[in-house]
file run.cif (mmCIF, C-alpha atoms (C1' of nucleotides))
data_coords
loop_
_atom_site.label_atom_id
_atom_site.label_comp_id
_atom_site.auth_asym_id
_atom_site.auth_seq_id
_atom_site.Cartn_x
_atom_site.Cartn_y
_atom_site.Cartn_z
CA MET A 1 3.09 -3.24 11.25
CA PHE A 2 4.71 -0.07 9.92
CA SER A 3 4.99 1.07 6.30
CA LYS A 4 8.34 0.85 4.53
CA SER A 5 8.66 4.63 4.85
CA CYS A 6 8.23 4.34 8.55
CA GLU A 7 10.66 1.46 8.92
CA TYR A 8 13.32 3.36 6.97
CA GLY A 9 12.47 6.55 8.84
CA LEU A 10 12.84 4.94 12.25
CA ARG A 11 16.08 3.26 11.25
CA ALA A 12 17.41 6.54 9.86
CA ALA A 13 16.38 8.55 12.90
CA ILE A 14 17.92 6.00 15.22
CA PHE A 15 21.14 5.90 13.23
CA ILE A 16 21.41 9.68 13.15
CA ALA A 17 20.68 9.83 16.86
CA GLN A 18 23.36 7.31 17.66
CA GLN A 19 25.89 9.18 15.52
CA THR A 20 24.83 12.40 17.17
CA THR A 21 25.81 11.01 20.55
CA GLN A 22 29.28 10.54 19.03
CA ASN A 23 29.26 14.12 17.72
CA ASN A 24 29.10 13.00 14.11
CA LYS A 25 26.82 14.36 11.50
CA VAL A 26 26.03 11.96 8.69
CA SER A 27 25.31 12.34 4.99
CA LEU A 28 22.40 10.84 3.15
CA SER A 29 24.66 8.37 1.41
CA THR A 30 26.15 7.19 4.68
CA ILE A 31 22.70 6.83 6.20
CA SER A 32 21.27 4.79 3.36
CA GLU A 33 24.35 2.56 3.37
CA GLU A 34 24.27 2.02 7.09
CA ILE A 35 20.57 1.27 7.33
CA ASN A 36 20.42 -0.48 3.96
CA SER A 37 17.68 1.60 2.40
CA PRO A 38 17.14 3.06 -1.08
CA GLN A 39 18.95 6.38 -1.08
CA ALA A 40 16.53 8.56 -3.05
CA PHE A 41 13.57 7.26 -1.12
CA THR A 42 15.37 7.80 2.15
CA ALA A 43 16.01 11.38 1.09
CA LYS A 44 12.28 11.94 0.81
CA ILE A 45 11.68 10.50 4.22
CA LEU A 46 14.42 12.62 5.75
CA GLN A 47 12.82 15.67 4.18
CA GLN A 48 9.65 14.88 6.06
CA LEU A 49 11.53 14.40 9.29
CA THR A 50 13.34 17.68 8.67
CA ARG A 51 10.14 19.62 7.93
CA ASN A 52 8.65 18.21 11.07
CA ASP A 53 11.65 19.36 12.99
CA ILE A 54 12.80 15.96 14.17
CA VAL A 55 16.17 15.92 12.44
CA LYS A 56 18.22 18.89 11.32
CA SER A 57 19.68 19.09 7.85
CA ILE A 58 22.82 20.99 7.02
CA LYS A 59 23.38 21.81 3.39
CA GLY A 60 26.63 22.29 1.55
CA PRO A 61 29.96 20.48 1.82
CA TYR A 62 30.47 18.70 5.12
CA GLY A 63 26.73 18.95 5.51
CA GLY A 64 24.49 16.10 6.48
CA PHE A 65 21.96 15.25 9.09
CA THR A 66 22.09 15.55 12.82
CA ILE A 67 19.68 15.91 15.72
CA GLU A 68 19.69 18.90 18.00
CA GLU A 69 20.13 18.26 21.68
CA ASP A 70 16.55 18.92 22.75
CA LYS A 71 15.24 16.88 19.81
CA MET A 72 17.09 13.85 21.07
CA GLU A 73 14.16 13.58 23.47
CA THR A 74 11.84 12.95 20.50
CA LYS A 75 9.76 9.87 21.10
CA LEU A 76 9.39 7.06 18.57
CA SER A 77 5.67 7.82 18.53
CA GLU A 78 6.41 11.20 16.98
CA VAL A 79 8.44 9.68 14.20
CA VAL A 80 5.75 7.10 13.52
CA SER A 81 3.08 9.74 13.64
CA VAL A 82 4.82 11.90 11.04
CA LEU A 83 5.34 9.02 8.64
CA ASP A 84 2.35 6.72 9.17
CA GLY A 85 -0.08 8.75 11.24
CA ASP A 86 -1.17 7.64 14.66
CA SER A 87 -3.92 5.20 13.74
CA ILE A 88 -1.65 2.24 14.34
CA TYR A 89 -1.64 2.94 18.05
CA THR A 90 -4.96 4.75 18.34
CA GLY A 91 -7.26 3.10 15.75
CA CYS A 92 -9.55 0.07 15.71
CA GLY A 93 -7.96 -3.24 14.72
CA LEU A 94 -10.82 -3.98 12.34
CA GLY A 95 -10.66 -0.52 10.76
CA LEU A 96 -13.89 0.86 12.23
CA LYS A 97 -14.16 4.55 12.94
CA GLN A 98 -16.78 4.39 15.65
CA CYS A 99 -15.20 1.68 17.73
CA ASP A 100 -14.73 2.52 21.40
CA ALA A 101 -15.61 1.14 24.82
CA ASN A 102 -19.22 2.28 24.41
CA SER A 103 -19.78 0.66 21.05
CA PRO A 104 -16.91 -1.75 20.66
CA CYS A 105 -16.08 -4.04 17.79
CA PRO A 106 -15.89 -7.71 18.74
CA LEU A 107 -12.12 -7.48 19.17
CA HIS A 108 -12.02 -4.15 20.94
CA PHE A 109 -11.12 -5.25 24.45
CA LYS A 110 -8.59 -7.77 23.28
CA PHE A 111 -7.04 -5.32 20.89
CA ILE A 112 -6.91 -2.26 23.05
CA GLU A 113 -4.48 -3.95 25.35
CA ILE A 114 -2.00 -4.57 22.58
CA ARG A 115 -2.50 -1.15 21.07
CA ASP A 116 -1.91 0.50 24.41
CA ASN A 117 1.24 -1.48 25.02
CA LEU A 118 2.51 -0.41 21.64
CA ARG A 119 1.52 3.14 22.35
CA ASP A 120 3.20 3.18 25.75
CA MET A 121 6.35 1.74 24.28
CA LEU A 122 6.46 4.27 21.44
CA GLU A 123 5.54 7.19 23.64
CA SER A 124 8.04 6.39 26.34
CA THR A 125 11.05 5.55 24.17
CA SER A 126 13.20 8.47 23.04
CA LEU A 127 15.78 8.55 20.30
CA LYS A 128 18.32 9.44 22.96
CA SER A 129 17.64 6.41 25.10
CA ILE A 130 17.92 4.09 22.12
CA ALA A 131 21.14 5.75 21.02
CA ASN A 132 22.58 5.33 24.50
CA ASP A 133 21.55 1.67 24.60
CA MET A 134 23.26 1.17 21.26
CA ASN A 135 26.50 2.59 22.62
CA LEU A 136 26.43 -0.05 25.35
CA GLU A 137 25.53 -3.19 23.45
CA SER A 138 25.84 -3.86 19.76
CA THR A 139 22.71 -3.94 17.69
CA ILE A 140 22.03 -4.01 13.98
CA LEU A 141 20.28 -1.56 11.66
CA LYS A 142 20.93 -3.37 8.37
CA ARG A 143 19.67 -6.49 6.58
CA MET B 1 -1.89 -2.48 11.55
CA PHE B 2 -3.69 -4.73 9.09
CA SER B 3 -4.32 -4.11 5.38
CA LYS B 4 -7.82 -3.19 4.22
CA SER B 5 -8.20 -6.69 2.82
CA CYS B 6 -7.42 -8.13 6.18
CA GLU B 7 -9.75 -5.78 8.04
CA TYR B 8 -12.61 -6.67 5.70
CA GLY B 9 -11.67 -10.33 5.82
CA LEU B 10 -11.68 -10.45 9.60
CA ARG B 11 -14.97 -8.59 9.78
CA ALA B 12 -16.50 -10.89 7.17
CA ALA B 13 -15.23 -14.05 8.85
CA ILE B 14 -16.50 -12.84 12.21
CA PHE B 15 -19.88 -11.94 10.77
CA ILE B 16 -20.24 -15.28 9.00
CA ALA B 17 -19.16 -17.08 12.17
CA GLN B 18 -21.71 -15.25 14.26
CA GLN B 19 -24.46 -16.01 11.74
CA THR B 20 -23.33 -19.61 11.64
CA THR B 21 -23.97 -19.92 15.38
CA GLN B 22 -27.56 -18.89 14.53
CA ASN B 23 -27.72 -21.49 11.75
CA ASN B 24 -27.87 -18.86 9.03
CA LYS B 25 -25.87 -18.84 5.89
CA VAL B 26 -25.29 -15.41 4.41
CA SER B 27 -24.92 -14.04 0.91
CA LEU B 28 -22.16 -11.77 -0.29
CA SER B 29 -24.54 -8.83 -0.52
CA THR B 30 -25.69 -9.30 3.06
CA ILE B 31 -22.11 -9.60 4.25
CA SER B 32 -20.92 -6.47 2.54
CA GLU B 33 -23.91 -4.54 3.85
CA GLU B 34 -23.47 -5.76 7.39
CA ILE B 35 -19.75 -5.12 7.59
CA ASN B 36 -19.87 -2.02 5.41
CA SER B 37 -17.34 -3.10 2.82
CA PRO B 38 -17.16 -2.80 -0.98
CA GLN B 39 -19.03 -5.79 -2.34
CA ALA B 40 -16.86 -6.81 -5.29
CA PHE B 41 -13.71 -6.45 -3.27
CA THR B 42 -15.21 -8.45 -0.44
CA ALA B 43 -16.03 -11.19 -2.94
CA LYS B 44 -12.35 -11.50 -3.79
CA ILE B 45 -11.39 -11.72 -0.17
CA LEU B 46 -14.02 -14.35 0.50
CA GLN B 47 -12.64 -16.35 -2.43
CA GLN B 48 -9.29 -16.41 -0.68
CA LEU B 49 -10.85 -17.49 2.57
CA THR B 50 -12.78 -20.16 0.69
CA ARG B 51 -9.73 -21.46 -1.14
CA ASN B 52 -7.90 -21.61 2.14
CA ASP B 53 -10.72 -23.59 3.60
CA ILE B 54 -11.69 -21.14 6.30
CA VAL B 55 -15.20 -20.39 5.09
CA LYS B 56 -17.40 -22.57 2.94
CA SER B 57 -19.20 -21.19 -0.09
CA ILE B 58 -22.41 -22.61 -1.45
CA LYS B 59 -23.24 -21.71 -5.01
CA GLY B 60 -26.60 -21.39 -6.65
CA PRO B 61 -29.91 -19.94 -5.40
CA TYR B 62 -30.20 -19.91 -1.61
CA GLY B 63 -26.44 -20.24 -1.53
CA GLY B 64 -24.05 -18.07 0.41
CA PHE B 65 -21.26 -18.42 2.92
CA THR B 66 -21.06 -20.38 6.10
CA ILE B 67 -18.41 -21.94 8.30
CA GLU B 68 -18.26 -25.64 8.96
CA GLU B 69 -18.33 -26.75 12.54
CA ASP B 70 -14.69 -27.73 12.88
CA LYS B 71 -13.61 -24.54 11.09
CA MET B 72 -15.29 -22.47 13.75
CA GLU B 73 -12.14 -23.25 15.73
CA THR B 74 -10.09 -21.29 13.19
CA LYS B 75 -7.91 -18.76 14.93
CA LEU B 76 -7.70 -15.13 13.93
CA SER B 77 -4.02 -15.68 13.22
CA GLU B 78 -4.96 -18.02 10.37
CA VAL B 79 -7.22 -15.43 8.78
CA VAL B 80 -4.53 -12.77 9.12
CA SER B 81 -1.92 -15.13 7.79
CA VAL B 82 -3.93 -15.90 4.65
CA LEU B 83 -4.59 -12.24 3.87
CA ASP B 84 -1.52 -10.39 5.14
CA GLY B 85 1.02 -13.07 5.85
CA ASP B 86 2.44 -13.61 9.29
CA SER B 87 5.16 -10.98 9.37
CA ILE B 88 3.01 -8.68 11.45
CA TYR B 89 3.30 -10.98 14.41
CA THR B 90 6.57 -12.67 13.56
CA GLY B 91 8.71 -9.98 11.87
CA CYS B 92 11.04 -7.23 13.04
CA GLY B 93 9.44 -3.89 13.82
CA LEU B 94 12.09 -2.07 11.82
CA GLY B 95 11.73 -4.42 8.86
CA LEU B 96 15.03 -6.26 9.25
CA LYS B 97 15.31 -9.87 8.17
CA GLN B 98 18.15 -10.89 10.41
CA CYS B 99 16.81 -9.47 13.63
CA ASP B 100 16.65 -11.88 16.55
CA ALA B 101 17.86 -12.21 20.13
CA ASN B 102 21.41 -12.96 18.94
CA SER B 103 21.69 -9.98 16.64
CA PRO B 104 18.85 -7.70 17.65
CA CYS B 105 17.82 -4.37 16.22
CA PRO B 106 17.79 -1.55 18.74
CA LEU B 107 14.07 -2.04 19.35
CA HIS B 108 14.06 -5.79 19.41
CA PHE B 109 13.48 -6.44 23.08
CA LYS B 110 10.92 -3.72 23.41
CA PHE B 111 9.12 -4.84 20.30
CA ILE B 112 9.11 -8.53 20.83
CA GLU B 113 6.92 -8.14 23.84
CA ILE B 114 4.22 -6.37 21.86
CA ARG B 115 4.50 -8.69 18.92
CA ASP B 116 4.20 -11.70 21.17
CA ASN B 117 1.12 -10.29 22.87
CA LEU B 118 -0.42 -9.73 19.48
CA ARG B 119 0.55 -13.18 18.40
CA ASP B 120 -0.84 -14.80 21.52
CA MET B 121 -4.08 -12.92 21.15
CA LEU B 122 -4.48 -13.86 17.49
CA GLU B 123 -3.43 -17.45 18.02
CA SER B 124 -5.67 -18.02 21.01
CA THR B 125 -8.84 -16.35 19.73
CA SER B 126 -11.12 -18.48 17.59
CA LEU B 127 -13.95 -17.36 15.36
CA LYS B 128 -16.25 -19.43 17.54
CA SER B 129 -15.32 -17.68 20.74
CA ILE B 130 -15.83 -14.26 19.19
CA ALA B 131 -19.17 -15.32 17.75
CA ASN B 132 -20.26 -16.55 21.15
CA ASP B 133 -19.17 -13.33 22.82
CA MET B 134 -21.16 -11.40 20.24
CA ASN B 135 -24.28 -13.34 21.09
CA LEU B 136 -23.93 -12.23 24.71
CA GLU B 137 -23.12 -8.56 24.36
CA SER B 138 -23.76 -6.30 21.44
CA THR B 139 -20.81 -5.23 19.34
CA ILE B 140 -20.48 -3.46 16.02
CA LEU B 141 -19.01 -4.55 12.70
CA LYS B 142 -19.90 -1.47 10.65
CA ARG B 143 -18.72 2.14 10.37
"C1'" DA C 1 -35.48 -28.17 -19.46
"C1'" DT C 2 -35.74 -23.44 -18.06
"C1'" DT C 3 -35.02 -19.91 -15.08
"C1'" DA C 4 -32.91 -17.37 -11.62
"C1'" DA C 5 -29.74 -16.78 -7.74
"C1'" DA C 6 -25.41 -16.96 -6.22
"C1'" DA C 7 -20.36 -17.54 -6.20
"C1'" DA C 8 -16.03 -17.89 -9.19
"C1'" DG C 9 -12.97 -16.08 -12.42
"C1'" DG C 10 -10.76 -12.84 -15.46
"C1'" DA C 11 -9.78 -8.28 -17.01
"C1'" DT C 12 -9.24 -3.81 -15.99
"C1'" DA C 13 -9.04 0.76 -13.45
"C1'" DA C 14 -7.90 3.92 -9.87
"C1'" DA C 15 -5.34 5.18 -5.91
"C1'" DA C 16 -1.59 4.76 -2.83
"C1'" DA C 17 3.00 3.39 -1.73
"C1'" DG C 18 7.53 2.77 -3.05
"C1'" DA C 19 11.31 4.36 -5.61
"C1'" DT C 20 14.09 7.19 -8.93
"C1'" DC C 21 15.75 11.17 -11.53
"C1'" DT C 22 16.46 16.02 -12.44
"C1'" DT C 23 16.64 20.69 -11.14
"C1'" DT C 24 17.06 24.14 -7.63
"C1'" DT C 25 18.75 26.12 -3.46
"C1'" DA C 26 22.01 26.86 0.09
"C1'" DG C 27 26.30 26.52 1.75
"C1'" DT C 28 31.80 25.83 1.95
"C1'" DC C 29 36.24 26.33 0.37
"C1'" DT C 30 39.90 28.21 -2.40
"C1'" DA D 1 33.84 35.36 -7.58
"C1'" DG D 2 33.91 30.62 -8.97
"C1'" DA D 3 33.97 25.72 -8.26
"C1'" DC D 4 32.11 22.37 -5.77
"C1'" DT D 5 29.14 19.78 -2.44
"C1'" DA D 6 25.06 18.38 -0.23
"C1'" DA D 7 20.28 18.62 0.79
"C1'" DA D 8 15.51 20.33 -0.86
"C1'" DA D 9 12.05 20.23 -4.04
"C1'" DG D 10 9.57 18.74 -7.85
"C1'" DA D 11 8.49 15.64 -11.58
"C1'" DT D 12 8.13 11.16 -12.99
"C1'" DC D 13 7.93 6.18 -13.05
"C1'" DT D 14 6.84 1.45 -11.06
"C1'" DT D 15 4.64 -1.69 -8.13
"C1'" DT D 16 1.21 -2.93 -4.96
"C1'" DT D 17 -3.14 -2.36 -3.01
"C1'" DT D 18 -7.78 -1.36 -3.38
"C1'" DA D 19 -11.70 -1.61 -6.10
"C1'" DT D 20 -15.00 -2.43 -9.98
"C1'" DC D 21 -17.09 -4.72 -13.92
"C1'" DC D 22 -18.39 -8.37 -16.73
"C1'" DT D 23 -18.69 -13.10 -18.03
"C1'" DT D 24 -18.93 -17.93 -16.69
"C1'" DT D 25 -20.12 -21.71 -13.80
"C1'" DT D 26 -22.86 -23.95 -10.44
"C1'" DT D 27 -27.12 -25.31 -8.67
"C1'" DA D 28 -31.85 -25.02 -6.55
"C1'" DA D 29 -36.56 -24.45 -7.63
"C1'" DT D 30 -40.22 -24.47 -10.75
#

call {"tool": "encode", "arguments": {"input": "run.cif", "output": "structure tokens"}}
result
Amino acid sequence: MFSKSCEYGLRAAIFIAQQTTQNNKVSLSTISEEINSPQAFTAKILQQLTRNDIVKSIKGPYGGFTIEEDKMETKLSEVVSVLDGDSIYTGCGLGLKQCDANSPCPLHFKFIEIRDNLRDMLESTSLKSIANDMNLESTILKR
Amino acid sequence: MFSKSCEYGLRAAIFIAQQTTQNNKVSLSTISEEINSPQAFTAKILQQLTRNDIVKSIKGPYGGFTIEEDKMETKLSEVVSVLDGDSIYTGCGLGLKQCDANSPCPLHFKFIEIRDNLRDMLESTSLKSIANDMNLESTILKR
DNA sequence: ATTAAAAAGGATAAAAAGATCTTTTAGTCT
DNA sequence: AGACTAAAAGATCTTTTTATCCTTTTTAAT
């Protein structure tokens, strides 16, 4: 479904968001331990999320990553879009460029339903809401 | 969503199925033209589909690819499974191995709905039914 | 039998994704 | 100021995916 980058990126963003609700900032090493991802690779992904203004990085001792209050409203779709592009929830299932309701591929009408569900889910779910859910019931981000 | 191999493979299988309903067998070169895919690469994919007994290949002059009658019932999920594995419609959206209802990732319950829709669609749609649909209304397999 | 068409198989190449390492920059603390 | 810490940036390496090429095998038609 998503690339490895995107899986790690979502896990990282969610972890940082959840820690942010507890007023903690978290270091790269903590993040990669807690989400069980390769540290150096995760650093690259966090750089992208930082450049795209989704997470905030703080350099120096006691630095780390956090998410600013207004950015807690970031939707999962934005994270996915930065890391994988939006074709997963906008593109044709068979990889055609010209596929739409007017000239559909043979799967178009079956696919569009799934795509749109995915899109709705990603576009309506914020980091904040997931973080809040996590504070209520225990979920996993490793293994 | 799917790998390139899988996109080409689905398009090829659908094209062959549709031609099979018209009692035509089709050569590799025709297939790659009609679905707009790289020929040599498509050959490799068709080999996989042949080995997995989804399409039938006929060697020699006037040979080509066709689908045997009972194999027209093949579901899209089987094609996907051969080319990409089944993790796209069985795995965790965040890439976790141990994610299930008992120890869910934070997206589990939102994701499972989409995954299951995808799964149902792929498992309930046969090559035959798509081929028949194509004979009724025009759809595209190129571009 | 010979020829020609077509798929199969093997080897290789190029590009992208995944992952690591090193150097630089920015910041904190004493 | 100097020592230290942590992320950013850049360079590099590895693996996987995508893609091509070339040879071999099969087989139908003449």

call {"tool": "residues_around", "arguments": {"input": "run.cif", "residues": "range 15-28 of chain D", "least_positions_apart": "4", "cutoff": "10 Å", "atoms": "all atoms listed in the file", "output": "PyMOL selection string"}}
result
(chain B and resi 3-5+38-42+58-63) or (chain C and resi 4-19)

call {"tool": "closest_atom_pairs", "arguments": {"input": "run.cif", "of": "chain A", "to": "chain B", "cutoff": "7 Å", "atoms": "all atoms listed in the file", "output": "CSV"}}
result
residue,atom,partner,partner_atom,distance
A:Met1,CA,B:Met1,CA,5.0
A:Glu7,CA,B:Leu94,CA,4.8
A:Arg11,CA,B:Leu94,CA,6.7
A:Ile88,CA,B:Met1,CA,5.5
A:Gly93,CA,B:Met1,CA,6.9
A:Leu94,CA,B:Glu7,CA,4.8
A:Gly95,CA,B:Glu7,CA,6.0
A:Leu96,CA,B:Arg143,CA,5.3
A:Lys97,CA,B:Arg143,CA,5.8
A:Gln98,CA,B:Arg143,CA,6.1
A:Ser103,CA,B:Thr139,CA,6.2
A:Pro104,CA,B:Thr139,CA,5.4
A:Cys105,CA,B:Ile140,CA,4.8
A:Pro106,CA,B:Thr139,CA,5.5
A:Ile114,CA,B:Leu118,CA,6.2
A:Asn117,CA,B:Ile114,CA,6.5
A:Leu118,CA,B:Ile114,CA,6.2
A:Ile130,CA,B:Pro106,CA,6.6
A:Met134,CA,B:Pro106,CA,6.6
A:Thr139,CA,B:Cys105,CA,5.1
A:Ile140,CA,B:Cys105,CA,4.8
A:Leu141,CA,B:Cys105,CA,5.9
A:Lys142,CA,B:Leu96,CA,6.6
A:Arg143,CA,B:Leu96,CA,5.4

call {"tool": "closest_atom_pairs", "arguments": {"input": "run.cif", "of": "chain D", "to": "chain A", "cutoff": "9 Å", "atoms": "all atoms listed in the file", "output": "Markdown table"}}
result
| residue | atom | partner | partner_atom | distance |
| --- | --- | --- | --- | --- |
| D:DC4 | C1' | A:Pro61 | CA | 8.1 |
| D:DT5 | C1' | A:Pro61 | CA | 4.4 |
| D:DA6 | C1' | A:Gly60 | CA | 4.6 |
| D:DA7 | C1' | A:Lys59 | CA | 5.2 |
| D:DA8 | C1' | A:Gln47 | CA | 7.4 |

call {"tool": "atom_distance", "arguments": {"input": "run.cif", "atom1": "C1' of DA26 in chain C", "atom2": "C1' of DG2 in chain D"}}
result
15.4 Å

call {"tool": "atom_distance", "arguments": {"input": "run.cif", "atom1": "CA of Val79 in chain A", "atom2": "CA of Leu49 in chain A"}}
result
7.5 Å

call {"tool": "atom_distance", "arguments": {"input": "run.cif", "atom1": "CA of Asn132 in chain B", "atom2": "CA of Ser77 in chain B"}}
result
18.1 Å

call {"tool": "calpha_fit_and_write", "arguments": {"input": "run.cif", "fixed": "chain B", "moving": "chain A", "output": "compact mmCIF listing (two decimals) with C-alpha atoms, in the frame of the given file"}}
result
# COMPACT_ATOMS: atom_id res chain seq x y z
CA MET A 1 -1.89 -2.50 11.63
CA PHE A 2 -3.68 -4.75 9.14
CA SER A 3 -4.29 -4.13 5.44
CA LYS A 4 -7.78 -3.20 4.26
CA SER A 5 -8.15 -6.72 2.85
CA CYS A 6 -7.39 -8.13 6.22
CA GLU A 7 -9.72 -5.79 8.07
CA TYR A 8 -12.58 -6.65 5.71
CA GLY A 9 -11.63 -10.33 5.84
CA LEU A 10 -11.67 -10.45 9.63
CA ARG A 11 -14.96 -8.57 9.78
CA ALA A 12 -16.47 -10.89 7.17
CA ALA A 13 -15.22 -14.04 8.86
CA ILE A 14 -16.50 -12.86 12.21
CA PHE A 15 -19.88 -11.93 10.77
CA ILE A 16 -20.23 -15.27 9.00
CA ALA A 17 -19.18 -17.08 12.16
CA GLN A 18 -21.73 -15.25 14.25
CA GLN A 19 -24.47 -16.00 11.72
CA THR A 20 -23.34 -19.59 11.62
CA THR A 21 -24.00 -19.92 15.33
CA GLN A 22 -27.57 -18.88 14.50
CA ASN A 23 -27.74 -21.47 11.71
CA ASN A 24 -27.87 -18.83 9.00
CA LYS A 25 -25.85 -18.80 5.87
CA VAL A 26 -25.26 -15.37 4.41
CA SER A 27 -24.87 -14.01 0.90
CA LEU A 28 -22.10 -11.77 -0.30
CA SER A 29 -24.45 -8.83 -0.52
CA THR A 30 -25.63 -9.30 3.04
CA ILE A 31 -22.06 -9.60 4.25
CA SER A 32 -20.84 -6.46 2.54
CA GLU A 33 -23.86 -4.54 3.83
CA GLU A 34 -23.45 -5.75 7.37
CA ILE A 35 -19.73 -5.11 7.60
CA ASN A 36 -19.83 -2.02 5.40
CA SER A 37 -17.28 -3.10 2.84
CA PRO A 38 -17.07 -2.80 -0.96
CA GLN A 39 -18.94 -5.80 -2.32
CA ALA A 40 -16.75 -6.79 -5.26
CA PHE A 41 -13.60 -6.45 -3.21
CA THR A 42 -15.13 -8.46 -0.41
CA ALA A 43 -15.93 -11.17 -2.92
CA LYS A 44 -12.25 -11.46 -3.75
CA ILE A 45 -11.32 -11.72 -0.12
CA LEU A 46 -13.96 -14.36 0.51
CA GLN A 47 -12.57 -16.33 -2.41
CA GLN A 48 -9.23 -16.41 -0.66
CA LEU A 49 -10.81 -17.50 2.58
CA THR A 50 -12.73 -20.17 0.70
CA ARG A 51 -9.65 -21.49 -1.12
CA ASN A 52 -7.87 -21.64 2.18
CA ASP A 53 -10.71 -23.60 3.61
CA ILE A 54 -11.69 -21.13 6.31
CA VAL A 55 -15.19 -20.38 5.08
CA LYS A 56 -17.39 -22.56 2.91
CA SER A 57 -19.15 -21.19 -0.13
CA ILE A 58 -22.39 -22.58 -1.46
CA LYS A 59 -23.27 -21.67 -5.00
CA GLY A 60 -26.68 -21.33 -6.57
CA PRO A 61 -29.94 -19.91 -5.22
CA TYR A 62 -30.12 -19.84 -1.44
CA GLY A 63 -26.37 -20.16 -1.53
CA GLY A 64 -24.00 -18.01 0.43
CA PHE A 65 -21.24 -18.39 2.92
CA THR A 66 -21.05 -20.36 6.10
CA ILE A 67 -18.40 -21.95 8.29
CA GLU A 68 -18.28 -25.65 8.95
CA GLU A 69 -18.38 -26.76 12.54
CA ASP A 70 -14.74 -27.76 12.88
CA LYS A 71 -13.65 -24.57 11.10
CA MET A 72 -15.32 -22.49 13.75
CA GLU A 73 -12.19 -23.28 15.75
CA THR A 74 -10.12 -21.32 13.20
CA LYS A 75 -7.94 -18.80 14.96
CA LEU A 76 -7.73 -15.14 13.96
CA SER A 77 -4.05 -15.72 13.26
CA GLU A 78 -4.99 -18.04 10.41
CA VAL A 79 -7.22 -15.46 8.82
CA VAL A 80 -4.55 -12.80 9.16
CA SER A 81 -1.93 -15.14 7.83
CA VAL A 82 -3.93 -15.92 4.70
CA LEU A 83 -4.60 -12.28 3.92
CA ASP A 84 -1.53 -10.41 5.18
CA GLY A 85 1.03 -13.10 5.89
CA ASP A 86 2.43 -13.65 9.33
CA SER A 87 5.14 -11.00 9.39
CA ILE A 88 2.99 -8.68 11.46
CA TYR A 89 3.29 -11.00 14.43
CA THR A 90 6.59 -12.67 13.58
CA GLY A 91 8.68 -9.97 11.84
CA CYS A 92 11.02 -7.20 12.98
CA GLY A 93 9.42 -3.84 13.75
CA LEU A 94 12.08 -2.04 11.73
CA GLY A 95 11.71 -4.40 8.77
CA LEU A 96 15.03 -6.23 9.17
CA LYS A 97 15.29 -9.83 8.09
CA GLN A 98 18.13 -10.86 10.34
CA CYS A 99 16.79 -9.43 13.56
CA ASP A 100 16.63 -11.86 16.47
CA ALA A 101 17.83 -12.17 20.05
CA ASN A 102 21.36 -12.92 18.86
CA SER A 103 21.66 -9.94 16.57
CA PRO A 104 18.82 -7.68 17.57
CA CYS A 105 17.79 -4.35 16.14
CA PRO A 106 17.75 -1.52 18.67
CA LEU A 107 14.03 -2.00 19.27
CA HIS A 108 14.02 -5.77 19.33
CA PHE A 109 13.45 -6.41 23.02
CA LYS A 110 10.88 -3.69 23.35
CA PHE A 111 9.08 -4.82 20.24
CA ILE A 112 9.07 -8.53 20.78
CA GLU A 113 6.89 -8.12 23.79
CA ILE A 114 4.19 -6.37 21.83
CA ARG A 115 4.49 -8.71 18.90
CA ASP A 116 4.16 -11.71 21.16
CA ASN A 117 1.11 -10.30 22.87
CA LEU A 118 -0.47 -9.74 19.50
CA ARG A 119 0.51 -13.20 18.42
CA ASP A 120 -0.87 -14.82 21.56
CA MET A 121 -4.11 -12.94 21.19
CA LEU A 122 -4.51 -13.90 17.53
CA GLU A 123 -3.46 -17.48 18.07
CA SER A 124 -5.70 -18.05 21.04
CA THR A 125 -8.87 -16.38 19.76
CA SER A 126 -11.17 -18.51 17.61
CA LEU A 127 -13.98 -17.39 15.37
CA LYS A 128 -16.30 -19.45 17.54
CA SER A 129 -15.37 -17.72 20.76
CA ILE A 130 -15.86 -14.30 19.20
CA ALA A 131 -19.20 -15.35 17.74
CA ASN A 132 -20.32 -16.59 21.14
CA ASP A 133 -19.22 -13.35 22.81
CA MET A 134 -21.20 -11.43 20.22
CA ASN A 135 -24.34 -13.38 21.06
CA LEU A 136 -23.98 -12.27 24.68
CA GLU A 137 -23.19 -8.59 24.34
CA SER A 138 -23.80 -6.32 21.41
CA THR A 139 -20.86 -5.24 19.34
CA ILE A 140 -20.50 -3.47 16.03
CA LEU A 141 -19.01 -4.56 12.70
CA LYS A 142 -19.90 -1.47 10.67
CA ARG A 143 -18.74 2.15 10.39

call {"tool": "residues_around", "arguments": {"input": "run.cif", "residues": "DT3 in chain C", "least_positions_apart": "2", "cutoff": "10 Å", "atoms": "only C-alpha atoms (C1' of nucleotides)", "output": "ChimeraX atom specification"}}
result
/C:1,5 /D:29-30

call {"tool": "closest_residue", "arguments": {"input": "run.cif", "among": "A:Ile16, A:Thr66, A:Asp84, A:Glu78", "to": "chain C", "atoms": "all atoms listed in the file"}}
result
A:Asp84

call {"tool": "closest_residue", "arguments": {"input": "run.cif", "among": "A:Ser37, A:Asp70, A:Ile54, A:Asn24", "to": "chain C", "atoms": "all atoms listed in the file"}}
result
A:Ser37

call {"tool": "residues_near_point", "arguments": {"input": "run.cif", "point": "(8.7, 7.3, -14.4)", "cutoff": "12 Å", "atoms": "all atoms listed in the file", "output": "list in words"}}
result
DA19, DT20, DC21 and DT22 of chain C; DA11, DT12, DC13, DT14 and DT15 of chain D
